[in-house]
file structure36.csv (CSV, C-alpha atoms)
chain,number,residue,atom,x,y,z
A,1,MET,CA,31.5,12.2,-49.7
A,2,ILE,CA,29.9,10.8,-46.6
A,3,ARG,CA,31.4,7.9,-44.6
A,4,ILE,CA,28.9,5.3,-43.4
A,5,ALA,CA,29.7,2.8,-40.7
A,6,ILE,CA,28.3,-0.7,-40.8
A,7,SER,CA,28.8,-3.6,-38.4
A,8,SER,CA,31.6,-6.0,-39.5
A,9,ASN,CA,29.4,-8.9,-38.2
A,10,GLU,CA,28.7,-10.9,-41.4
A,11,SER,CA,25.0,-11.3,-40.9
A,12,GLN,CA,24.4,-7.6,-40.1
A,13,LYS,CA,26.8,-6.6,-42.9
A,14,TYR,CA,24.9,-8.7,-45.4
A,15,GLU,CA,21.5,-7.3,-44.4
A,16,SER,CA,22.7,-3.7,-44.3
A,17,LEU,CA,24.4,-3.9,-47.7
A,18,HIS,CA,21.3,-5.6,-49.2
A,19,LEU,CA,19.2,-2.6,-48.0
A,20,ILE,CA,21.8,-0.2,-49.4
A,21,GLU,CA,21.6,-1.9,-52.8
A,22,ARG,CA,17.8,-1.9,-52.8
A,23,MET,CA,18.1,1.9,-52.5
A,24,GLY,CA,19.9,1.9,-55.9
A,25,ILE,CA,23.4,2.4,-54.4
A,26,ARG,CA,25.9,0.2,-56.2
A,27,LEU,CA,29.2,-0.8,-54.6
A,28,LEU,CA,32.6,-1.8,-56.0
A,29,SER,CA,32.7,-5.5,-56.7
A,30,THR,CA,36.2,-5.7,-55.3
A,31,HIS,CA,37.2,-4.1,-52.0
A,32,THR,CA,39.2,-4.5,-48.9
A,33,GLY,CA,37.7,-6.2,-45.9
A,34,THR,CA,37.1,-3.0,-43.9
A,35,ARG,CA,35.8,-0.6,-46.6
A,36,ASN,CA,33.9,-0.3,-49.8
A,37,GLN,CA,32.9,2.7,-52.0
A,38,SER,CA,29.8,3.4,-54.1
A,39,THR,CA,30.2,3.7,-57.8
A,40,ASN,CA,27.1,5.9,-58.2
A,41,PHE,CA,26.7,7.8,-54.9
A,42,PRO,CA,29.1,9.9,-52.9
A,43,ALA,CA,29.5,7.4,-50.0
A,44,GLU,CA,32.2,5.2,-48.5
A,45,PHE,CA,31.2,2.3,-46.3
A,46,LEU,CA,33.4,1.2,-43.4
A,47,PHE,CA,32.9,-2.2,-41.7
A,48,VAL,CA,33.8,-2.0,-38.1
A,49,PRO,CA,32.9,-3.6,-34.7
A,50,GLU,CA,29.4,-2.6,-33.9
A,51,ASN,CA,30.4,-1.6,-30.3
A,52,ASP,CA,32.6,1.2,-31.7
A,53,ILE,CA,30.0,2.7,-34.1
A,54,PRO,CA,28.2,5.1,-31.6
A,55,ALA,CA,31.5,6.7,-30.6
A,56,LEU,CA,32.7,6.9,-34.3
A,57,THR,CA,29.5,8.6,-35.2
A,58,ALA,CA,29.4,11.0,-32.2
A,59,THR,CA,33.0,12.2,-32.8
A,60,GLY,CA,32.4,12.7,-36.6
A,61,LEU,CA,34.9,10.1,-37.8
A,62,VAL,CA,31.9,8.8,-39.7
A,63,ASP,CA,28.9,10.8,-40.8
A,64,LEU,CA,26.2,8.1,-40.8
A,65,ALA,CA,25.8,4.6,-39.3
A,66,ILE,CA,23.6,1.5,-39.2
A,67,VAL,CA,23.8,0.5,-35.5
A,68,GLY,CA,21.8,-1.1,-32.8
A,69,GLN,CA,19.6,1.2,-30.7
A,70,HIS,CA,20.8,-0.6,-27.6
A,71,LEU,CA,24.4,0.5,-28.2
A,72,ILE,CA,23.3,4.1,-28.5
A,73,ASP,CA,21.3,3.7,-25.2
A,74,GLU,CA,24.2,2.0,-23.5
A,75,THR,CA,26.9,4.6,-24.5
A,76,GLN,CA,24.5,7.6,-24.4
A,77,ALA,CA,26.1,8.7,-27.6
A,78,ASP,CA,25.0,12.2,-28.6
A,79,ILE,CA,23.9,11.4,-32.2
A,80,ASP,CA,20.7,11.8,-34.2
A,81,ILE,CA,18.5,8.8,-34.8
A,82,LEU,CA,17.1,9.4,-38.3
A,83,ARG,CA,15.1,6.2,-39.0
A,84,GLU,CA,14.3,2.9,-37.3
A,85,LEU,CA,15.1,-0.1,-39.6
A,86,THR,CA,13.2,-3.3,-40.1
A,87,ILE,CA,16.3,-5.3,-40.7
A,88,GLY,CA,18.6,-7.1,-38.2
A,89,THR,CA,16.1,-7.4,-35.4
A,90,ARG,CA,17.6,-9.2,-32.4
A,91,LYS,CA,16.8,-9.6,-28.7
A,92,LEU,CA,18.5,-8.4,-25.5
A,93,ALA,CA,18.5,-11.5,-23.3
A,94,ILE,CA,20.0,-13.0,-20.1
A,95,VAL,CA,21.7,-16.3,-20.7
A,96,ALA,CA,22.7,-19.1,-18.3
A,97,ALA,CA,24.8,-22.2,-18.5
A,98,LEU,CA,22.8,-25.2,-19.8
A,99,ASP,CA,23.4,-27.2,-16.6
A,100,ASN,CA,22.5,-24.3,-14.2
A,101,LYS,CA,18.9,-25.1,-13.5
A,102,LYS,CA,18.5,-23.5,-10.0
A,103,ILE,CA,18.6,-19.8,-10.7
A,104,PRO,CA,15.9,-18.0,-8.7
A,105,ASP,CA,13.6,-15.6,-10.4
A,106,ASN,CA,14.8,-12.6,-8.3
A,107,LEU,CA,18.5,-13.4,-9.2
A,108,ASN,CA,19.4,-12.7,-5.6
A,109,GLY,CA,23.2,-12.8,-5.2
A,110,TYR,CA,23.8,-14.0,-8.7
A,111,THR,CA,26.4,-12.4,-11.0
A,112,ILE,CA,25.6,-11.3,-14.6
A,113,ALA,CA,28.5,-10.5,-16.9
A,114,THR,CA,27.8,-8.0,-19.7
A,115,ALA,CA,29.2,-5.4,-22.0
A,116,MET,CA,26.0,-3.3,-21.4
A,117,PRO,CA,26.0,-2.6,-17.7
A,118,ASN,CA,23.9,0.6,-18.0
A,119,ILE,CA,21.0,-1.1,-19.8
A,120,LEU,CA,21.2,-4.1,-17.5
A,121,SER,CA,21.3,-2.0,-14.4
A,122,LYS,CA,18.1,-0.1,-15.5
A,123,HIS,CA,16.3,-3.4,-16.2
A,124,LEU,CA,17.3,-4.8,-12.7
A,125,LYS,CA,16.2,-1.7,-10.9
A,126,THR,CA,12.9,-1.5,-12.8
A,127,ASN,CA,12.0,-5.1,-12.0
A,128,GLY,CA,13.3,-5.2,-8.4
A,129,LEU,CA,16.0,-7.7,-9.2
A,130,ARG,CA,19.1,-8.0,-7.0
A,131,ALA,CA,21.8,-9.4,-9.2
A,132,LYS,CA,25.4,-8.3,-9.3
A,133,ILE,CA,26.8,-6.8,-12.5
A,134,PHE,CA,30.3,-7.6,-13.8
A,135,ALA,CA,31.2,-5.3,-16.8
A,136,THR,CA,33.2,-7.3,-19.4
A,137,THR,CA,33.2,-8.0,-23.1
A,138,SER,CA,33.7,-11.7,-22.4
A,139,GLY,CA,30.4,-12.6,-20.7
A,140,ARG,CA,29.8,-15.7,-22.8
A,141,GLU,CA,33.2,-17.1,-22.1
A,142,LEU,CA,32.9,-16.4,-18.4
A,143,VAL,CA,29.6,-18.3,-18.1
A,144,GLN,CA,31.1,-21.2,-20.1
A,145,ALA,CA,34.1,-21.3,-17.7
A,146,GLY,CA,31.8,-21.2,-14.7
A,147,LEU,CA,33.2,-17.8,-13.6
A,148,SER,CA,29.8,-16.0,-13.9
A,149,ASP,CA,26.3,-17.3,-13.3
A,150,LEU,CA,24.7,-15.5,-16.2
A,151,TYR,CA,25.5,-13.1,-19.1
A,152,PHE,CA,23.5,-10.4,-20.7
A,153,ALA,CA,23.8,-9.7,-24.5
A,154,CYS,CA,22.2,-9.0,-27.8
A,155,LEU,CA,21.4,-12.3,-29.5
A,156,ALA,CA,20.6,-13.1,-33.1
A,157,PRO,CA,17.3,-14.7,-33.8
A,158,ASP,CA,19.0,-17.9,-35.1
A,159,GLU,CA,21.6,-18.1,-32.4
A,160,ASN,CA,22.0,-21.7,-31.2
A,161,LEU,CA,22.8,-21.4,-27.5
A,162,THR,CA,22.6,-25.2,-26.8
A,163,ASN,CA,25.6,-26.0,-29.0
A,164,SER,CA,27.6,-23.6,-26.8
A,165,GLY,CA,26.4,-25.2,-23.5
A,166,LEU,CA,24.1,-22.3,-22.8
A,167,ARG,CA,20.4,-21.7,-22.4
A,168,HIS,CA,18.0,-18.8,-22.6
A,169,PHE,CA,17.0,-17.5,-19.2
A,170,GLU,CA,15.0,-14.3,-19.9
A,171,THR,CA,14.3,-11.9,-22.8
A,172,VAL,CA,14.6,-8.3,-21.7
A,173,ALA,CA,13.7,-6.4,-24.9
A,174,GLU,CA,13.7,-6.4,-28.6
A,175,CYS,CA,16.9,-5.0,-30.2
A,176,LYS,CA,16.5,-3.0,-33.4
A,177,LEU,CA,18.9,-1.4,-35.9
A,178,VAL,CA,18.6,2.3,-36.6
A,179,LEU,CA,20.0,4.8,-39.1
A,180,ALA,CA,21.9,7.4,-37.1
A,181,ALA,CA,24.0,10.5,-38.0
A,182,ASN,CA,26.5,12.8,-36.5
A,183,LYS,CA,24.9,16.0,-35.2
A,184,ASN,CA,27.4,18.3,-37.0
A,185,LEU,CA,27.3,17.4,-40.6
A,186,SER,CA,28.7,19.8,-43.1
A,187,PRO,CA,26.1,21.5,-45.4
A,188,LEU,CA,27.3,19.3,-48.3
A,189,ASN,CA,27.2,16.1,-46.4
A,190,LYS,CA,23.8,17.1,-45.0
A,191,THR,CA,22.6,17.2,-48.7
A,192,PHE,CA,24.0,13.7,-49.3
A,193,VAL,CA,22.3,12.4,-46.2
A,194,ASP,CA,19.0,14.0,-47.2
A,195,GLU,CA,19.2,12.3,-50.6
A,196,LEU,CA,20.0,8.9,-48.9
A,197,LEU,CA,17.0,9.4,-46.6
A,198,PHE,CA,14.8,10.1,-49.6
A,199,ARG,CA,15.9,6.8,-51.2
A,200,PHE,CA,15.4,5.0,-47.9
A,201,ASP,CA,11.9,6.2,-47.4
A,202,ALA,CA,10.9,5.3,-51.0
A,203,THR,CA,12.4,1.8,-50.5
A,204,HIS,CA,10.8,1.3,-47.1
A,205,ASP,CA,7.4,2.4,-48.3
A,206,ALA,CA,7.5,-0.1,-51.1
A,207,LYS,CA,8.7,-3.1,-49.0
A,208,SER,CA,5.2,-4.4,-48.1
A,209,LYS,CA,3.4,-3.2,-51.2
A,210,LYS,CA,2.7,-4.8,-54.5
A,211,LEU,CA,1.5,-3.6,-57.9
A,212,VAL,CA,-1.7,-5.6,-58.5
A,213,SER,CA,-3.0,-6.0,-62.1
A,214,MET,CA,-6.2,-7.9,-63.1
A,215,HIS,CA,-8.8,-8.2,-65.8
A,216,ILE,CA,-12.3,-7.2,-64.5
A,217,GLN,CA,-15.8,-7.4,-66.0
A,218,ASN,CA,-17.1,-3.8,-66.4
A,219,ASP,CA,-20.4,-4.8,-64.7
A,220,TYR,CA,-18.4,-5.5,-61.5
A,221,CYS,CA,-16.0,-2.5,-61.6
A,222,ASP,CA,-17.7,-0.5,-58.9
A,223,ASP,CA,-17.9,-3.4,-56.5
A,224,ILE,CA,-14.2,-4.2,-57.0
A,225,LEU,CA,-13.2,-0.5,-56.6
A,226,GLU,CA,-15.1,-0.4,-53.3
A,227,LEU,CA,-13.3,-3.5,-52.1
A,228,LEU,CA,-9.8,-2.4,-53.0
A,229,PRO,CA,-7.7,-0.3,-50.5
A,230,SER,CA,-5.3,1.8,-52.5
A,231,LEU,CA,-2.7,4.5,-52.2
A,232,GLN,CA,-4.5,6.3,-55.0
A,233,GLN,CA,-7.5,5.8,-57.2
A,234,PRO,CA,-6.9,2.5,-59.2
A,235,LEU,CA,-6.1,2.8,-62.9
A,236,VAL,CA,-8.8,1.3,-65.1
A,237,LEU,CA,-8.1,0.9,-68.8
A,238,PRO,CA,-10.9,-0.4,-71.1
A,239,ILE,CA,-10.1,-3.5,-73.2
A,240,ASP,CA,-13.4,-3.8,-74.9
A,241,ASN,CA,-17.1,-3.2,-74.1
A,242,ASN,CA,-17.2,-5.8,-71.4
A,243,THR,CA,-13.7,-6.0,-70.0
A,244,SER,CA,-11.1,-3.7,-68.5
A,245,MET,CA,-7.6,-3.9,-67.1
A,246,LEU,CA,-7.3,-2.6,-63.5
A,247,GLN,CA,-4.0,-1.7,-61.8
A,248,THR,CA,-3.4,-0.5,-58.2
A,249,VAL,CA,-0.8,-0.5,-55.5
A,250,MET,CA,-1.7,-2.2,-52.2
A,251,ASP,CA,-0.4,-3.9,-49.1
A,252,GLU,CA,0.4,-7.5,-49.9
A,253,ILE,CA,-1.1,-8.9,-46.7
A,254,ARG,CA,-4.4,-7.0,-47.4
A,255,PHE,CA,-4.4,-8.4,-51.0
A,256,TRP,CA,-4.5,-12.0,-49.6
A,257,ASP,CA,-7.3,-11.0,-47.4
A,258,ILE,CA,-9.5,-10.1,-50.3
A,259,VAL,CA,-8.3,-12.2,-53.2
A,260,GLU,CA,-11.2,-14.7,-52.9
A,261,LYS,CA,-13.7,-11.9,-53.0
A,262,LEU,CA,-12.0,-10.6,-56.1
A,263,LYS,CA,-12.4,-13.9,-57.8
A,264,GLU,CA,-16.0,-14.1,-56.7
A,265,LEU,CA,-16.4,-10.7,-58.5
A,266,HIS,CA,-15.0,-12.4,-61.7
A,267,ALA,CA,-11.6,-10.8,-61.6
A,268,THR,CA,-9.1,-12.9,-63.6
A,269,ASN,CA,-5.4,-12.9,-64.7
A,270,ILE,CA,-4.5,-11.4,-61.3
A,271,VAL,CA,-0.8,-10.5,-61.2
A,272,LEU,CA,1.3,-9.3,-58.2
A,273,THR,CA,4.5,-7.4,-59.1
A,274,PRO,CA,7.2,-6.4,-56.6
A,275,ILE,CA,7.9,-2.7,-56.2
A,276,GLY,CA,11.4,-1.4,-55.7
A,277,GLN,CA,10.5,2.1,-54.6
A,278,ILE,CA,7.5,4.4,-54.1
A,279,ILE,CA,8.2,8.1,-54.7
A,280,HIS,CA,5.5,10.4,-53.3

call {"tool": "encode", "arguments": {"input": "structure36.csv", "output": "structure tokens"}}
result
Amino acid sequence: MIRIAISSNESQKYESLHLIERMGIRLLSTHTGTRNQSTNFPAEFLFVPENDIPALTATGLVDLAIVGQHLIDETQADIDILRELTIGTRKLAIVAALDNKKIPDNLNGYTIATAMPNILSKHLKTNGLRAKIFATTSGRELVQAGLSDLYFACLAPDENLTNSGLRHFETVAECKLVLAANKNLSPLNKTFVDELLFRFDATHDAKSKKLVSMHIQNDYCDDILELLPSLQQPLVLPIDNNTSMLQTVMDEIRFWDIVEKLKELHATNIVLTPIGQIIH
């Protein structure tokens, strides 16, 4: 059985478990606050503070993790990054007190509180900024108390700073979640991880795709086939001498680009169906 670490942050936890469930992995309906177990896959899920996840993965206390790339960079954890995820995107940003309007662009002499001094130091050096760094896990509270000019943190897209008496000062980078693994998996656990990656890839490939079905006039079949981008040759099934059913898999955004042209070519009864997984 593999142990998978997921952030205990409610928003990240929800998005991570939703991804896991889309991969066909079911969880116990009742579980303790810090762990859950799959009922149809050899995996146990541990819900822990995200800051601890790189070290837990590097030491082998967990085999696999969903964690922010920024935390791996900050801790320089020696773990394998297997996939970049499209869930849980946040931003690394510098934040100031709402009433502090006089901060110079070069930050000369100002103090930035942060739990990520390594990433912040690199950003300051790269951009020729001359702020002081104060390493702490309480950056927000220090700014609110007037003990630090700024703080540097990873912010959720919907985070309301104004309600906390804060304001956005500068976005440093996008912050993405990744799927990471311990470098020394046992042969058996490596097999389980490979199976999970297979499911992830099939789910990820299907995310932006739709199964498109339509009725077409046979006289316009070649024109429609030429118009359709497709993973494979569309399936065309004759209905009668004049009409056929066409099915294909395509990117949803591309579909909306061409739907009016399909209608001009007399395609009717067009149906888009969500796809759970695509297995190549």

call {"tool": "closest_residue", "arguments": {"input": "structure36.csv", "among": "A:Leu161, A:Leu235, A:Leu272, A:Ile119", "to": "Ala97 in chain A", "atoms": "all atoms listed in the file"}}
result
A:Leu161

call {"tool": "atom_distance", "arguments": {"input": "structure36.csv", "atom1": "CA of Leu28 in chain A", "atom2": "CA of Ser8 in chain A"}}
result
17.1 Å

call {"tool": "atom_distance", "arguments": {"input": "structure36.csv", "atom1": "CA of Phe134 in chain A", "atom2": "CA of Glu10 in chain A"}}
result
27.8 Å

call {"tool": "closest_residue", "arguments": {"input": "structure36.csv", "among": "A:Lys13, A:Arg254, A:Arg83, A:Lys190", "to": "Pro42 in chain A", "atoms": "only C-alpha atoms"}}
result
A:Lys190

call {"tool": "closest_residue", "arguments": {"input": "structure36.csv", "among": "A:His70, A:Lys263, A:Arg3, A:Lys209", "to": "Val178 in chain A", "atoms": "all atoms listed in the file"}}
result
A:His70

call {"tool": "atom_distance", "arguments": {"input": "structure36.csv", "atom1": "CA of Gly68 in chain A", "atom2": "CA of Phe152 in chain A"}}
result
15.4 Å

call {"tool": "decode", "arguments": {"input": "structure36.csv", "residues": "range 42-55 of chain A", "atoms": "N, CA, C and O atoms", "output": "short mmCIF file (atom, residue, chain, number, x, y, z; two decimals), in the first residue's frame"}}
result
data_model
loop_
_atom_site.label_atom_id
_atom_site.label_comp_id
_atom_site.auth_asym_id
_atom_site.auth_seq_id
_atom_site.Cartn_x
_atom_site.Cartn_y
_atom_site.Cartn_z
N PRO A 42 -4.83 0.27 -3.57
CA PRO A 42 -3.96 0.13 -2.39
C PRO A 42 -3.28 1.45 -2.00
O PRO A 42 -2.08 1.64 -2.20
N ALA A 43 -4.08 2.37 -1.44
CA ALA A 43 -3.54 3.68 -1.08
C ALA A 43 -4.21 4.20 0.17
O ALA A 43 -5.41 4.03 0.39
N GLU A 44 -3.40 4.85 1.01
CA GLU A 44 -3.88 5.56 2.19
C GLU A 44 -3.53 7.04 2.01
O GLU A 44 -2.43 7.37 1.57
N PHE A 45 -4.48 7.92 2.35
CA PHE A 45 -4.29 9.35 2.16
C PHE A 45 -4.15 10.03 3.52
O PHE A 45 -4.98 9.83 4.41
N LEU A 46 -3.08 10.83 3.65
CA LEU A 46 -2.81 11.54 4.90
C LEU A 46 -2.95 13.04 4.66
O LEU A 46 -2.38 13.58 3.71
N PHE A 47 -3.70 13.71 5.52
CA PHE A 47 -3.96 15.15 5.38
C PHE A 47 -3.13 15.90 6.41
O PHE A 47 -3.40 15.85 7.61
N VAL A 48 -2.11 16.57 5.92
CA VAL A 48 -1.11 17.19 6.79
C VAL A 48 -0.83 18.63 6.34
O VAL A 48 -1.17 19.00 5.21
N PRO A 49 -0.21 19.46 7.20
CA PRO A 49 0.16 20.81 6.75
C PRO A 49 1.06 20.75 5.52
O PRO A 49 2.02 19.97 5.48
N GLU A 50 0.76 21.58 4.53
CA GLU A 50 1.49 21.50 3.27
C GLU A 50 2.98 21.76 3.44
O GLU A 50 3.80 21.17 2.74
N ASN A 51 3.34 22.62 4.38
CA ASN A 51 4.77 22.92 4.60
C ASN A 51 5.57 21.69 4.98
O ASN A 51 6.79 21.65 4.77
N ASP A 52 4.92 20.69 5.56
CA ASP A 52 5.62 19.47 6.01
C ASP A 52 5.76 18.43 4.91
O ASP A 52 6.52 17.46 5.05
N ILE A 53 5.01 18.59 3.82
CA ILE A 53 4.92 17.52 2.82
C ILE A 53 6.25 17.22 2.11
O ILE A 53 6.60 16.05 1.94
N PRO A 54 7.05 18.23 1.70
CA PRO A 54 8.32 17.89 1.04
C PRO A 54 9.22 17.02 1.90
O PRO A 54 9.80 16.03 1.41
N ALA A 55 9.34 17.34 3.19
CA ALA A 55 10.20 16.55 4.08
C ALA A 55 9.63 15.16 4.31
O ALA A 55 10.38 14.17 4.34
#
